[in-house]
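Text of the file work.pdb, holding PDB, N, CA and C atoms and all ligand atoms:
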ATOM      1  N   MET R   1       0.829  -1.203   0.000
ATOM      2  CA  MET R   1       0.000   0.000   0.000
ATOM      3  C   MET R   1       0.866   1.257   0.000
ATOM      4  N   GLU R   2       0.441   2.242  -0.711
ATOM      5  CA  GLU R   2       1.205   3.489  -0.814
ATOM      6  C   GLU R   2       0.315   4.650  -0.425
ATOM      7  N   ARG R   3       0.961   5.773  -0.122
ATOM      8  CA  ARG R   3       0.192   6.954   0.226
ATOM      9  C   ARG R   3       0.302   7.987  -0.897
ATOM     10  N   ASP R   4      -0.822   8.514  -1.236
ATOM     11  CA  ASP R   4      -0.871   9.593  -2.222
ATOM     12  C   ASP R   4      -0.276  10.842  -1.580
ATOM     13  N   PRO R   5       0.864  11.352  -2.075
ATOM     14  CA  PRO R   5       1.513  12.494  -1.414
ATOM     15  C   PRO R   5       0.724  13.798  -1.558
ATOM     16  N   VAL R   6      -0.203  13.835  -2.475
ATOM     17  CA  VAL R   6      -0.946  15.079  -2.712
ATOM     18  C   VAL R   6      -2.127  15.191  -1.758
ATOM     19  N   CYS R   7      -2.990  14.194  -1.737
ATOM     20  CA  CYS R   7      -4.178  14.287  -0.884
ATOM     21  C   CYS R   7      -3.989  13.515   0.422
ATOM     22  N   GLY R   8      -2.895  12.731   0.546
ATOM     23  CA  GLY R   8      -2.608  12.036   1.792
ATOM     24  C   GLY R   8      -3.372  10.741   1.976
ATOM     25  N   GLN R   9      -4.151  10.368   1.002
ATOM     26  CA  GLN R   9      -4.937   9.141   1.084
ATOM     27  C   GLN R   9      -4.038   7.913   0.958
ATOM     28  N   VAL R  10      -4.357   6.886   1.720
ATOM     29  CA  VAL R  10      -3.668   5.607   1.527
ATOM     30  C   VAL R  10      -4.359   4.892   0.379
ATOM     31  N   ILE R  11      -3.557   4.451  -0.574
ATOM     32  CA  ILE R  11      -4.113   3.860  -1.782
ATOM     33  C   ILE R  11      -3.811   2.367  -1.811
ATOM     34  N   LYS R  12      -4.830   1.588  -2.027
ATOM     35  CA  LYS R  12      -4.620   0.156  -2.226
ATOM     36  C   LYS R  12      -4.141  -0.067  -3.654
ATOM     37  N   LEU R  13      -3.421  -1.160  -3.842
ATOM     38  CA  LEU R  13      -2.835  -1.421  -5.163
ATOM     39  C   LEU R  13      -3.850  -1.299  -6.279
ATOM     40  N   PHE R  14      -5.015  -1.889  -6.068
ATOM     41  CA  PHE R  14      -6.006  -1.890  -7.149
ATOM     42  C   PHE R  14      -6.677  -0.533  -7.323
ATOM     43  N   GLU R  15      -6.428   0.381  -6.379
ATOM     44  CA  GLU R  15      -7.033   1.704  -6.494
ATOM     45  C   GLU R  15      -6.092   2.721  -7.139
ATOM     46  N   MET R  16      -4.847   2.312  -7.356
ATOM     47  CA  MET R  16      -3.875   3.244  -7.923
ATOM     48  C   MET R  16      -4.250   3.571  -9.356
ATOM     49  N   LYS R  17      -4.339   4.853  -9.618
ATOM     50  CA  LYS R  17      -4.706   5.283 -10.964
ATOM     51  C   LYS R  17      -3.483   5.737 -11.738
ATOM     52  N   ASP R  18      -2.470   6.169 -11.009
ATOM     53  CA  ASP R  18      -1.320   6.724 -11.693
ATOM     54  C   ASP R  18      -0.109   6.730 -10.766
ATOM     55  N   SER R  19       1.062   6.818 -11.357
ATOM     56  CA  SER R  19       2.276   6.929 -10.552
ATOM     57  C   SER R  19       3.300   7.729 -11.336
ATOM     58  N   THR R  20       4.271   8.257 -10.603
ATOM     59  CA  THR R  20       5.343   9.009 -11.240
ATOM     60  C   THR R  20       6.618   8.778 -10.446
ATOM     61  N   VAL R  21       7.758   8.988 -11.098
ATOM     62  CA  VAL R  21       9.036   8.839 -10.407
ATOM     63  C   VAL R  21       9.667  10.211 -10.273
ATOM     64  N   TYR R  22      10.025  10.549  -9.039
ATOM     65  CA  TYR R  22      10.658  11.834  -8.773
ATOM     66  C   TYR R  22      11.856  11.608  -7.871
ATOM     67  N   LYS R  23      13.030  12.059  -8.310
ATOM     68  CA  LYS R  23      14.276  11.887  -7.554
ATOM     69  C   LYS R  23      14.483  10.430  -7.123
ATOM     70  N   GLY R  24      14.175   9.510  -8.005
ATOM     71  CA  GLY R  24      14.431   8.099  -7.745
ATOM     72  C   GLY R  24      13.389   7.412  -6.891
ATOM     73  N   SER R  25      12.382   8.158  -6.437
ATOM     74  CA  SER R  25      11.311   7.545  -5.656
ATOM     75  C   SER R  25      10.045   7.512  -6.495
ATOM     76  N   ARG R  26       9.289   6.428  -6.320
ATOM     77  CA  ARG R  26       8.036   6.353  -7.047
ATOM     78  C   ARG R  26       6.892   6.832  -6.150
ATOM     79  N   TYR R  27       6.040   7.640  -6.721
ATOM     80  CA  TYR R  27       4.881   8.154  -5.996
ATOM     81  C   TYR R  27       3.622   7.676  -6.697
ATOM     82  N   TYR R  28       2.648   7.295  -5.887
ATOM     83  CA  TYR R  28       1.400   6.774  -6.438
ATOM     84  C   TYR R  28       0.257   7.741  -6.154
ATOM     85  N   PHE R  29      -0.704   7.738  -7.055
ATOM     86  CA  PHE R  29      -1.805   8.696  -6.940
ATOM     87  C   PHE R  29      -3.147   8.014  -7.085
ATOM     88  N   CYS R  30      -4.128   8.573  -6.390
ATOM     89  CA  CYS R  30      -5.470   7.989  -6.415
ATOM     90  C   CYS R  30      -6.222   8.401  -7.665
ATOM     91  N   CYS R  31      -5.744   9.470  -8.308
ATOM     92  CA  CYS R  31      -6.454   9.954  -9.488
ATOM     93  C   CYS R  31      -5.499  10.787 -10.334
ATOM     94  N   PRO R  32      -5.813  10.963 -11.617
ATOM     95  CA  PRO R  32      -4.929  11.747 -12.498
ATOM     96  C   PRO R  32      -4.781  13.189 -12.039
ATOM     97  N   VAL R  33      -5.782  13.705 -11.322
ATOM     98  CA  VAL R  33      -5.711  15.088 -10.844
ATOM     99  C   VAL R  33      -4.581  15.227  -9.828
ATOM    100  N   CYS R  34      -4.463  14.255  -8.927
ATOM    101  CA  CYS R  34      -3.385  14.300  -7.933
ATOM    102  C   CYS R  34      -2.022  14.205  -8.620
ATOM    103  N   LYS R  35      -1.922  13.376  -9.641
ATOM    104  CA  LYS R  35      -0.659  13.245 -10.359
ATOM    105  C   LYS R  35      -0.304  14.571 -11.019
ATOM    106  N   LYS R  36      -1.283  15.202 -11.619
ATOM    107  CA  LYS R  36      -1.060  16.469 -12.294
ATOM    108  C   LYS R  36      -0.586  17.510 -11.276
ATOM    109  N   THR R  37      -1.238  17.545 -10.121
ATOM    110  CA  THR R  37      -0.847  18.483  -9.066
ATOM    111  C   THR R  37       0.596  18.236  -8.651
ATOM    112  N   PHE R  38       0.943  16.964  -8.492
ATOM    113  CA  PHE R  38       2.311  16.615  -8.090
ATOM    114  C   PHE R  38       3.308  17.014  -9.175
ATOM    115  N   ASP R  39       2.977  16.702 -10.411
ATOM    116  CA  ASP R  39       3.886  17.001 -11.521
ATOM    117  C   ASP R  39       4.131  18.497 -11.680
ATOM    118  N   GLU R  40       3.151  19.290 -11.288
ATOM    119  CA  GLU R  40       3.326  20.740 -11.398
ATOM    120  C   GLU R  40       4.289  21.272 -10.344
ATOM    121  N   LYS R  41       4.197  20.722  -9.139
ATOM    122  CA  LYS R  41       5.072  21.171  -8.054
ATOM    123  C   LYS R  41       5.582  19.971  -7.266
ATOM    124  N   PRO R  42       6.406  19.137  -7.895
ATOM    125  CA  PRO R  42       6.851  17.914  -7.208
ATOM    126  C   PRO R  42       7.618  18.203  -5.927
ATOM    127  N   GLU R  43       8.372  19.294  -5.920
ATOM    128  CA  GLU R  43       9.204  19.589  -4.742
ATOM    129  C   GLU R  43       8.350  19.852  -3.500
ATOM    130  N   VAL R  44       7.167  20.407  -3.696
ATOM    131  CA  VAL R  44       6.292  20.708  -2.556
ATOM    132  C   VAL R  44       5.866  19.411  -1.869
ATOM    133  N   TYR R  45       5.432  18.463  -2.665
ATOM    134  CA  TYR R  45       4.873  17.230  -2.092
ATOM    135  C   TYR R  45       5.963  16.235  -1.713
ATOM    136  N   ALA R  46       7.024  16.187  -2.505
ATOM    137  CA  ALA R  46       8.127  15.276  -2.179
ATOM    138  C   ALA R  46       8.804  15.740  -0.899
ATOM    139  N   ASP R  47       8.982  17.060  -0.746
ATOM    140  CA  ASP R  47       9.601  17.589   0.469
ATOM    141  C   ASP R  47       8.747  17.285   1.685
ATOM    142  N   LYS R  48       7.443  17.386   1.520
ATOM    143  CA  LYS R  48       6.512  17.100   2.603
ATOM    144  C   LYS R  48       6.740  15.683   3.132
ATOM    145  N   GLU R  49       6.941  14.770   2.211
ATOM    146  CA  GLU R  49       7.203  13.379   2.587
ATOM    147  C   GLU R  49       8.503  13.275   3.389
ATOM    148  N   GLU R  50       9.546  13.976   2.918
ATOM    149  CA  GLU R  50      10.841  13.887   3.572
ATOM    150  C   GLU R  50      10.819  14.507   4.966
ATOM    151  N   LYS R  51      10.020  15.567   5.125
ATOM    152  CA  LYS R  51       9.945  16.235   6.422
ATOM    153  C   LYS R  51       9.221  15.378   7.444
ATOM    154  N   ASP R  52       8.433  14.457   6.969
ATOM    155  CA  ASP R  52       7.640  13.626   7.861
ATOM    156  C   ASP R  52       7.914  12.142   7.581
ATOM    157  N   PRO R  53       9.135  11.704   7.876
ATOM    158  CA  PRO R  53       9.482  10.318   7.540
ATOM    159  C   PRO R  53       8.780   9.334   8.466
ATOM    160  N   PRO R  54       8.514   8.164   7.986
ATOM    161  CA  PRO R  54       7.863   7.153   8.838
ATOM    162  C   PRO R  54       8.869   6.560   9.813
ATOM    163  N   LYS R  55       9.202   7.346  10.835
ATOM    164  CA  LYS R  55      10.280   6.931  11.736
ATOM    165  C   LYS R  55       9.788   6.018  12.857
ATOM    166  N   SER R  56       8.559   6.221  13.305
ATOM    167  CA  SER R  56       8.075   5.381  14.403
ATOM    168  C   SER R  56       7.316   4.165  13.881
ATOM    169  N   ASP R  57       7.332   3.123  14.675
ATOM    170  CA  ASP R  57       6.616   1.898  14.300
ATOM    171  C   ASP R  57       5.125   2.169  14.154
ATOM    172  N   ASP R  58       4.646   3.082  14.996
ATOM    173  CA  ASP R  58       3.220   3.406  14.981
ATOM    174  C   ASP R  58       2.805   3.914  13.604
ATOM    175  N   LYS R  59       3.638   4.793  13.056
ATOM    176  CA  LYS R  59       3.329   5.366  11.750
ATOM    177  C   LYS R  59       3.401   4.281  10.673
ATOM    178  N   GLN R  60       4.411   3.430  10.770
ATOM    179  CA  GLN R  60       4.550   2.331   9.802
ATOM    180  C   GLN R  60       3.274   1.495   9.786
ATOM    181  N   LEU R  61       2.781   1.174  10.978
ATOM    182  CA  LEU R  61       1.572   0.359  11.068
ATOM    183  C   LEU R  61       0.402   1.055  10.395
ATOM    184  N   ARG R  62       0.301   2.359  10.629
ATOM    185  CA  ARG R  62      -0.800   3.088  10.029
ATOM    186  C   ARG R  62      -0.715   3.077   8.506
ATOM    187  N   LEU R  63       0.517   3.142   7.992
ATOM    188  CA  LEU R  63       0.684   3.155   6.543
ATOM    189  C   LEU R  63       0.228   1.837   5.923
ATOM    190  N   PHE R  64       0.395   0.772   6.645
ATOM    191  CA  PHE R  64       0.109  -0.539   6.057
ATOM    192  C   PHE R  64      -1.253  -1.083   6.463
ATOM    193  N   ARG R  65      -1.982  -0.324   7.260
ATOM    194  CA  ARG R  65      -3.281  -0.820   7.699
ATOM    195  C   ARG R  65      -4.301  -0.784   6.567
TER     196      ARG R  65
HETATM  197 ZN    ZN V   1      -5.147  11.732  -4.332
END

Would you write the structure of this file as structure tokens?
Amino acid sequence: MERDPVCGQVIKLFEMKDSTVYKGSRYYFCCPVCKKTFDEKPEVYADKEEKDPPKSDDKQLRLFR
């Protein structure tokens, strides 16, 4: 399971509508609109991810729930 960096939604594999690669990381999106938003300003959303890394086990669990 991946998280949509634009809207923050957790996306199940079968719900993924689109993905893109930015700085060697792949990002998944729930809809083409989120992908478009990301592609316009990838640094905004990619940085957001980096500022909030899944450092605690609690967060990891939430990501995979
Ligand atoms: Zn989305």

Given the PyMOL selection byres (((not hetatm)) within 6 of (chain V and resi 1)), the residues it picks as a PyMOL selection string: chain R and resi 4+6-9+29-31+34

Distance criterion (only C-alpha atoms): nearest to Lys12 (chain R) out of R:Tyr28, R:Asp39, R:Val44, R:Val33: R:Tyr28

From the options R:Pro32, R:Pro5, R:Arg26, R:Leu13, which residue's atoms come nearest to Tyr45 (chain R), counting all atoms listed in the file? R:Pro5

So which residues get picked by the PyMOL selection byres (((chain R and resi 1 and name CA) around 7) and not hetatm and name CA) here, written as a VMD selection string? chain R and resid 2 to 3 10 to 13 64

Could you state the separation of atom C of Lys23 (chain R) and atom N of Lys35 (chain R) in Å, given to one decimal place?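 Going from atom C of Lys23 (chain R) over to atom N of Lys35 (chain R) covers 16.9 Å.
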
What does the distance from atom C of Thr37 (chain R) to CA of Phe14 (chain R) come to in Å, to one decimal?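 CA of Phe14 (chain R) lies at a distance of 21.2 Å from atom C of Thr37 (chain R).
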
Interatomic distance, atom N of Glu15 (chain R) to CA of Glu43 (chain R) (Å, one decimal):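 Rounded to one decimal, the two atoms are 24.8 Å apart.
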